[in-house]
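Enquirer: Have a look at the structure that comes next, please.
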Amino acid sequence: MLARRSVLFALAAVPVAAHATAVLAVDALPDARFVGFCQTVNDFEIASGRLALAKSTNENIRGYATRMVAEHNEAAQFLVKARAEAGVSYAPDPSNPPNTVAVLQRLNSLTGPEFDTAYANAQLAIQTQAHDQYGAYSQNGDNGALRRYAQRMVPKSTEYLEYARRIAGGR
């Protein structure tokens with residue numbers, strides 16, 4: 001009798017656990033906001049990467065920054081093409097993360113190991129958000145051209161996120 005109750009309790013918990021996972025998932029942004037988000041990510045990666053190249057002496061930070069500047073310049077070019085094909089305008093939403101202007105201002109005011117730590121933490125934060133949004137849009141985005149852009153970015157975003165975790169101390 002006790003075993004039967006345990007099985008029934010376990011089965012009853014499955015839909016709750018499945019629902020909890022679904023609730024935590026990120027929804028795909030509407031098309032114009034997705035474009036704005038992607039442009040913000042690309043702009044931030046280029047600007048913060050250039051700051052890191054100017055301020056950091058840490059080879060891991062500099063290597064990451066070099067890659068981010070190059071690859072996000074390329075991603076920005078692909079985004080322009082996808083946006084044109086999609087017929088979607090750029091619509092940044094300053095009320096939504098990432099708040100890159102404040103982060104760039106803070107990074108600009110730091111030097112040495114403080115800069116490296118803040119840069120690594122900023123990268124971890126933005127790469128986590130980007131990975132979530134690219135994944136959500138690649139699966140559920142409304143526009144085919146933008147969905148293809150997101151699908152192209154998902155594997156790159158996975159690499160960037162892993163690299164960001166390493167430079168941020170393995171978190």
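Residue names in the structure tokens use chain letters A, B, ... in the order shown, residue numbers from 1 in each chain, and ligand numbers from 1 in the order shown.
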As a list in words, please: the residues near stretch 68-72 of chain A (cut-off 8 Å, only C-alpha atoms, same-chain neighbours under 4 positions excluded).

Expert: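 Listed by chain and then number, they are Asn42, Asp43, Glu45, Ile46, Ala47, Gly49, Arg50, Tyr64 and Ala76 of chain A.
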
Enquirer: Taking the chain letters and numbering used in this document, name the residues of stretch 6-171 of chain A that DSSP puts in helix (DSSP H, G or I), as a PyMOL selection string.

Expert: chain A and resi 6-24+31-55+59-86+100-109+112-140+144-167

Enquirer: Residues at most 12 Å from A:His131, counting only C-alpha atoms, excluding those fewer than 4 positions away in the same chain, as a list in words?

Expert: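 These residues fall inside the cut-off: Ala25, Val26, Ala28, Phe37, Cys38, Val41, Gln123, Leu124, Ala125, Ile126, Gln127, Gly135, Ala136, Tyr137, Ser138, Ala150, Gln151, Arg152, Met153, Val154, Pro155, Lys156, Ser157, Thr158, Glu159, Tyr160, Leu161, Glu162 and Ala164 of chain A.
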
Enquirer: Any idea what's packed within 12 Å of A:Gly169, counting only C-alpha atoms, ignoring anything in its chain fewer than 2 positions away? Could you give it as a list in words?

Expert: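 Final neighbour list, sorted by chain and number: Asn60, Ile61, Asp116, Thr117, Ala118, Tyr119, Ala120, Asn121, Gln123, Leu124, Glu162, Tyr163, Ala164, Arg165, Arg166, Ile167 and Arg171 of chain A.
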
Enquirer: For A:Ala145, which residue among A:Ala86, A:Leu79, A:Ala65, A:Ala54 is the nearest when counting only C-alpha atoms?

Expert: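 Among A:Ala86, A:Leu79, A:Ala65, A:Ala54, it is A:Ala86 that comes nearest to A:Ala145.
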
Enquirer: In Å, with one decimal, what is the gap from atom CA of A:Thr40 to atom CA of A:Glu114?

Expert: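 One can read the atom CA of A:Thr40 to atom CA of A:Glu114 distance as 24.0 Å.
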
Enquirer: Please determine, counting only C-alpha atoms, which residue among A:Asn58, A:Gln39, A:Ser48, A:Gln77 has the shortest atom-to-atom distance to A:Asn108.

Expert: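 Closest to A:Asn108 of all the choices is A:Ser48.
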
Enquirer: Could you tell me how far atom CA of A:Thr128 sits from atom CA of A:Asp142, in Å to one decimal place?

Expert: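 Atom-to-atom, atom CA of A:Asp142 and atom CA of A:Thr128 are spaced 22.0 Å apart.
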
Enquirer: Take atom CA of A:Gly144 and atom CA of A:Thr100 and report the distance between them in Å, one decimal.

Expert: 27.4 Å
